[in-house]
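Novice: What follows is a structure written as structure tokens; I'll ask about it next.
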Amino acid sequence: MIKKIVITISSLILFVYLVFFGEYFNLNFNEEQFETLIFLFKVYVGASLIAFIISEIFQNYSQVDKLWSTIPIFYVWYFTVQSGYDPRMVLMSIVATAWGVRLSYNFGRRGGYSIYFWIGEEDYRWKELKRIAPFLRPRFNWAVFNLFFICLYQMGLIFLTTLPILAAWQGSNDLSFYDYLIALIMLFFIFTETLSDQQQYNFQTKKYKKIKKGENLTGDFKRGFLTSGLWSISRHPNFASEQLIWISFYLFSISATGNVFNWSIIGCILLVILFYNSARFSESISSAKYPDYKIYQKNVPMFLGLWNSDWKNNSN
């Protein structure tokens with residue numbers, strides 16, 4: 001896992017260098033666009049440092065999770081206001097807000113938020129990472145990891161995924177048929193993410209009720225994990241949808257600039273890398289916990305693909 005984290009952080013540094021300091025892209029920001037970018041960059045750094053300080057004081061390392069679905073809403077609307085309410089950027093902000101509100105609701109109902117903002121449910125993977133990586137257990141070592149990966153890297157990734165709206169500001173102001181089509185595509189993936197999260201929420205709620213009541217567990221409840229609905233065609237349909245949402249968001253920059261491959265692609269590329277490594281780590285935990293999970297892995301794709309309908313029968 002540590003090797004994956006090092007590769008992930010290295011990829012961020014490389015991509016940022018290529019985009020902002022290399023000769024592959026011509027950024028062409030005007031003064032107002034550049035000033036807006038710098039201001040929001042300062043917001044990103046400030047929010048990262050606040051998340052770091054709070055997480056270190058209260059030893060709850062999921063502070064960034066509280067901002068993952070909320071701070072992008074601020075980013076996109078600030079860009080939009082500074083542009084003078086560019087029509088395409090307004091549309092992008094509306095769809096991004098729909099994504100953020102929906103994801104915040106899902107995070108909140110699982111105990112992610114609290115009236116005491118410094119507490120809330122912590123991502124179980126951080127404790128698991130400490131267990132399998134002893135050198136991270138000392139407080140100083142973990143603090144360094146917390147600062148550079150949990151806070152600065154992940155918050156930086158959130159910031160970068162919103163930057164297609166800045167690229168759109170650089171392009172045409174006129175909305176086209178493609179913009180409305182892209183918005184519909186994003187809404188579709190927001191729907192599939194909502195559906196997959198709801199299916200998982202329903203399953204987990206019912207599973208723990210059955211366990212609490214001492215009922216006999218069968219099917220997926222006996223296996224311990226969900227394999228029906230969208231989870232029958234993808235091991236992580238919510239993760240797949242999240243990536244496709246932000247890849248679709250990037251398409252707005254293509255519609256605005258006419259450049260299929262422009263500098264703002266950095267965000268969705270890094271997001272895919274992060275989600276792939278995150279899913280791999282989560283699955284290493286699940287496969288150790290549930291005997292049938294390795295069979296599930298062999299027959300159902302991680303993100304997208306076809307499902308082998310006979311795998312359940314073969315695993316019995």
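Quick note on naming: the chains in the structure tokens go A, B, ... in the order shown, residues restart at 1 in each chain, and ligands are numbered from 1 in order of appearance.
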Excluding region 82-85 of chain A and residues on its chain fewer than 3 positions from it, collect all residues at most 9 Å away from it, counting only C-alpha atoms, and give them as a ChimeraX atom specification.
Specialist: /A:32-33,36,77-79,88-90,169
Novice: List the spatial neighbours of Phe203 (chain A) as a PyMOL selection string - criterion: any atom at most 12 Å away, only C-alpha atoms, same-chain residues fewer than 6 positions off excluded.
Specialist: chain A and resi 196-197+209-210+219-229+231
Novice: If you keep all heavy atoms, can you produce a file of those selected residues as a tab-separated table (two decimals), in the first residue's frame?
Specialist:
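Saved result, result.tsv, follows:
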chain	number	residue	atom	x	y	z
A	196	SER	N	-26.31	2.96	-6.44
A	196	SER	CA	-25.37	1.98	-5.88
A	196	SER	C	-25.14	2.24	-4.39
A	196	SER	O	-25.09	1.29	-3.60
A	196	SER	CB	-24.04	2.02	-6.64
A	196	SER	OG	-23.47	3.31	-6.62
A	197	ASP	N	-25.04	3.50	-3.99
A	197	ASP	CA	-24.89	3.82	-2.57
A	197	ASP	C	-26.13	3.41	-1.78
A	197	ASP	O	-26.02	2.92	-0.65
A	197	ASP	CB	-24.64	5.32	-2.38
A	197	ASP	CG	-23.19	5.71	-2.63
A	197	ASP	OD1	-22.32	4.83	-2.60
A	197	ASP	OD2	-22.93	6.91	-2.87
A	209	LYS	N	-28.97	-5.56	11.18
A	209	LYS	CA	-30.21	-5.85	11.92
A	209	LYS	C	-30.37	-7.35	12.12
A	209	LYS	O	-30.76	-7.80	13.20
A	209	LYS	CB	-31.41	-5.27	11.17
A	209	LYS	CG	-31.58	-3.77	11.34
A	209	LYS	CD	-32.86	-3.29	10.64
A	209	LYS	CE	-33.05	-1.79	10.83
A	209	LYS	NZ	-34.28	-1.32	10.13
A	210	LYS	N	-30.09	-8.11	11.06
A	210	LYS	CA	-30.19	-9.57	11.15
A	210	LYS	C	-29.18	-10.12	12.15
A	210	LYS	O	-29.49	-11.03	12.94
A	210	LYS	CB	-29.95	-10.20	9.77
A	210	LYS	CG	-31.12	-10.07	8.79
A	210	LYS	CD	-30.77	-10.69	7.46
A	210	LYS	CE	-31.96	-10.75	6.53
A	210	LYS	NZ	-32.96	-11.75	6.98
A	219	GLY	N	-27.41	-16.28	1.57
A	219	GLY	CA	-27.09	-15.49	0.39
A	219	GLY	C	-25.99	-14.47	0.66
A	219	GLY	O	-24.97	-14.77	1.28
A	220	ASP	N	-26.21	-13.26	0.18
A	220	ASP	CA	-25.22	-12.20	0.37
A	220	ASP	C	-24.99	-11.88	1.85
A	220	ASP	O	-23.88	-11.49	2.24
A	220	ASP	CB	-25.64	-10.93	-0.36
A	220	ASP	CG	-25.37	-11.01	-1.86
A	220	ASP	OD1	-24.74	-11.98	-2.30
A	220	ASP	OD2	-25.81	-10.09	-2.59
A	221	PHE	N	-26.02	-12.03	2.66
A	221	PHE	CA	-25.87	-11.77	4.09
A	221	PHE	C	-24.89	-12.76	4.72
A	221	PHE	O	-24.12	-12.41	5.61
A	221	PHE	CB	-27.22	-11.83	4.79
A	221	PHE	CG	-28.19	-10.79	4.32
A	221	PHE	CD1	-29.33	-11.14	3.62
A	221	PHE	CD2	-27.95	-9.44	4.56
A	221	PHE	CE1	-30.22	-10.18	3.17
A	221	PHE	CE2	-28.84	-8.46	4.12
A	221	PHE	CZ	-29.98	-8.83	3.42
A	222	LYS	N	-24.90	-13.98	4.23
A	222	LYS	CA	-23.96	-14.99	4.71
A	222	LYS	C	-22.56	-14.71	4.17
A	222	LYS	O	-21.57	-14.86	4.89
A	222	LYS	CB	-24.41	-16.38	4.27
A	222	LYS	CG	-23.53	-17.51	4.78
A	222	LYS	CD	-24.07	-18.87	4.35
A	222	LYS	CE	-23.17	-20.00	4.86
A	222	LYS	NZ	-23.69	-21.32	4.42
A	223	ARG	N	-22.49	-14.33	2.90
A	223	ARG	CA	-21.18	-13.99	2.33
A	223	ARG	C	-20.57	-12.77	3.02
A	223	ARG	O	-19.37	-12.66	3.14
A	223	ARG	CB	-21.33	-13.68	0.83
A	223	ARG	CG	-21.68	-14.89	-0.02
A	223	ARG	CD	-21.65	-14.53	-1.50
A	223	ARG	NE	-22.04	-15.67	-2.31
A	223	ARG	CZ	-23.27	-15.95	-2.69
A	223	ARG	NH1	-24.25	-15.13	-2.35
A	223	ARG	NH2	-23.54	-17.01	-3.40
A	224	GLY	N	-21.43	-11.83	3.41
A	224	GLY	CA	-20.96	-10.65	4.10
A	224	GLY	C	-20.88	-9.41	3.25
A	224	GLY	O	-20.64	-8.31	3.76
A	225	PHE	N	-21.07	-9.55	1.95
A	225	PHE	CA	-20.96	-8.41	1.04
A	225	PHE	C	-22.01	-8.50	-0.05
A	225	PHE	O	-22.53	-9.58	-0.36
A	225	PHE	CB	-19.55	-8.32	0.43
A	225	PHE	CG	-19.12	-9.57	-0.29
A	225	PHE	CD1	-19.32	-9.73	-1.65
A	225	PHE	CD2	-18.49	-10.61	0.40
A	225	PHE	CE1	-18.93	-10.88	-2.32
A	225	PHE	CE2	-18.08	-11.77	-0.26
A	225	PHE	CZ	-18.30	-11.90	-1.62
A	226	LEU	N	-22.33	-7.36	-0.64
A	226	LEU	CA	-23.40	-7.24	-1.62
A	226	LEU	C	-22.93	-7.64	-3.01
A	226	LEU	O	-21.88	-7.20	-3.46
A	226	LEU	CB	-23.91	-5.80	-1.64
A	226	LEU	CG	-25.07	-5.47	-2.58
A	226	LEU	CD1	-26.31	-6.27	-2.23
A	226	LEU	CD2	-25.38	-3.97	-2.52
A	227	THR	N	-23.74	-8.48	-3.69
A	227	THR	CA	-23.41	-8.89	-5.05
A	227	THR	C	-24.59	-8.75	-6.01
A	227	THR	O	-24.52	-9.25	-7.13
A	227	THR	CB	-22.94	-10.36	-5.08
A	227	THR	OG1	-24.04	-11.22	-4.71
A	227	THR	CG2	-21.78	-10.61	-4.12
A	228	SER	N	-25.65	-8.09	-5.59
A	228	SER	CA	-26.83	-7.94	-6.45
A	228	SER	C	-26.96	-6.49	-6.89
A	228	SER	O	-26.21	-5.61	-6.48
A	228	SER	CB	-28.09	-8.39	-5.69
A	228	SER	OG	-28.29	-7.60	-4.53
A	229	GLY	N	-27.95	-6.23	-7.75
A	229	GLY	CA	-28.15	-4.88	-8.27
A	229	GLY	C	-26.95	-4.43	-9.09
A	229	GLY	O	-26.34	-5.22	-9.83
A	231	TRP	N	-24.14	-3.92	-8.03
A	231	TRP	CA	-22.96	-4.60	-7.50
A	231	TRP	C	-22.75	-5.97	-8.14
A	231	TRP	O	-21.75	-6.64	-7.85
A	231	TRP	CB	-23.07	-4.71	-5.99
A	231	TRP	CG	-23.16	-3.36	-5.34
A	231	TRP	CD1	-24.29	-2.59	-5.23
A	231	TRP	CD2	-22.09	-2.59	-4.79
A	231	TRP	NE1	-24.00	-1.39	-4.61
A	231	TRP	CE2	-22.66	-1.37	-4.33
A	231	TRP	CE3	-20.73	-2.83	-4.61
A	231	TRP	CZ2	-21.89	-0.38	-3.73
A	231	TRP	CZ3	-19.97	-1.84	-4.00
A	231	TRP	CH2	-20.54	-0.64	-3.57
Novice: Which residue, A:Tyr293, A:Asp86, A:Val76, A:Phe34, has the smallest gap to Leu160 (chain A) when you use only C-alpha atoms?
Specialist: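 That would be A:Val76, the residue with the smallest distance to Leu160 (chain A).
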Novice: Excluding Leu304 (chain A) and any residue of its chain fewer than 5 positions from it, enumerate the residues within 9 Å of it, using only C-alpha atoms, and give them as a PDB file with N, CA, C and O atoms, in the first residue's frame.
Specialist:
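The resulting file, out.pdb, is reproduced below:
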ATOM      1  N   ILE A 233     -22.619  -6.142 -11.480  1.00  0.00           N
ATOM      2  CA  ILE A 233     -21.899  -5.848 -12.732  1.00  0.00           C
ATOM      3  C   ILE A 233     -20.619  -5.060 -12.482  1.00  0.00           C
ATOM      4  O   ILE A 233     -19.818  -4.855 -13.392  1.00  0.00           O
ATOM      5  N   SER A 234     -20.431  -4.608 -11.235  1.00  0.00           N
ATOM      6  CA  SER A 234     -19.216  -3.884 -10.873  1.00  0.00           C
ATOM      7  C   SER A 234     -18.985  -4.084  -9.382  1.00  0.00           C
ATOM      8  O   SER A 234     -19.926  -4.028  -8.587  1.00  0.00           O
ATOM      9  N   ARG A 235     -17.726  -4.323  -8.994  1.00  0.00           N
ATOM     10  CA  ARG A 235     -17.429  -4.475  -7.572  1.00  0.00           C
ATOM     11  C   ARG A 235     -17.481  -3.138  -6.841  1.00  0.00           C
ATOM     12  O   ARG A 235     -17.598  -3.102  -5.623  1.00  0.00           O
ATOM     13  N   HIS A 236     -17.382  -2.064  -7.615  1.00  0.00           N
ATOM     14  CA  HIS A 236     -17.440  -0.717  -7.034  1.00  0.00           C
ATOM     15  C   HIS A 236     -18.222   0.209  -7.966  1.00  0.00           C
ATOM     16  O   HIS A 236     -17.655   1.144  -8.545  1.00  0.00           O
ATOM     17  N   PRO A 237     -19.531  -0.006  -8.105  1.00  0.00           N
ATOM     18  CA  PRO A 237     -20.300   0.844  -9.017  1.00  0.00           C
ATOM     19  C   PRO A 237     -20.338   2.309  -8.575  1.00  0.00           C
ATOM     20  O   PRO A 237     -20.439   3.210  -9.405  1.00  0.00           O
ATOM     21  N   ALA A 240     -16.952   3.689  -9.703  1.00  0.00           N
ATOM     22  CA  ALA A 240     -16.970   3.832 -11.167  1.00  0.00           C
ATOM     23  C   ALA A 240     -17.765   5.067 -11.569  1.00  0.00           C
ATOM     24  O   ALA A 240     -17.347   5.849 -12.437  1.00  0.00           O
TER      25      ALA A 240
END
Novice: Please compute the CA of Leu129 (chain A)-CA of Leu103 (chain A) distance, one decimal, in Å.
Specialist: 24.8 Å
Novice: So how many Å separate CA of Leu274 (chain A) and CA of Tyr153 (chain A), to one decimal?
Specialist: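 These atoms are spaced 10.1 Å apart.
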Novice: Which is closer to Ser104 (chain A) than all the others in A:Ser176, A:Gln198, A:Thr70, A:Ser248, using only C-alpha atoms?
Specialist: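 The shortest atom-to-atom distance to Ser104 (chain A) comes from A:Thr70.
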Novice: From the options A:Leu157, A:Leu251, A:Leu163, A:Leu37, which residue's atoms come nearest to Phe275 (chain A), counting only C-alpha atoms?
Specialist: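 Smallest separation from Phe275 (chain A) among the options: A:Leu157.
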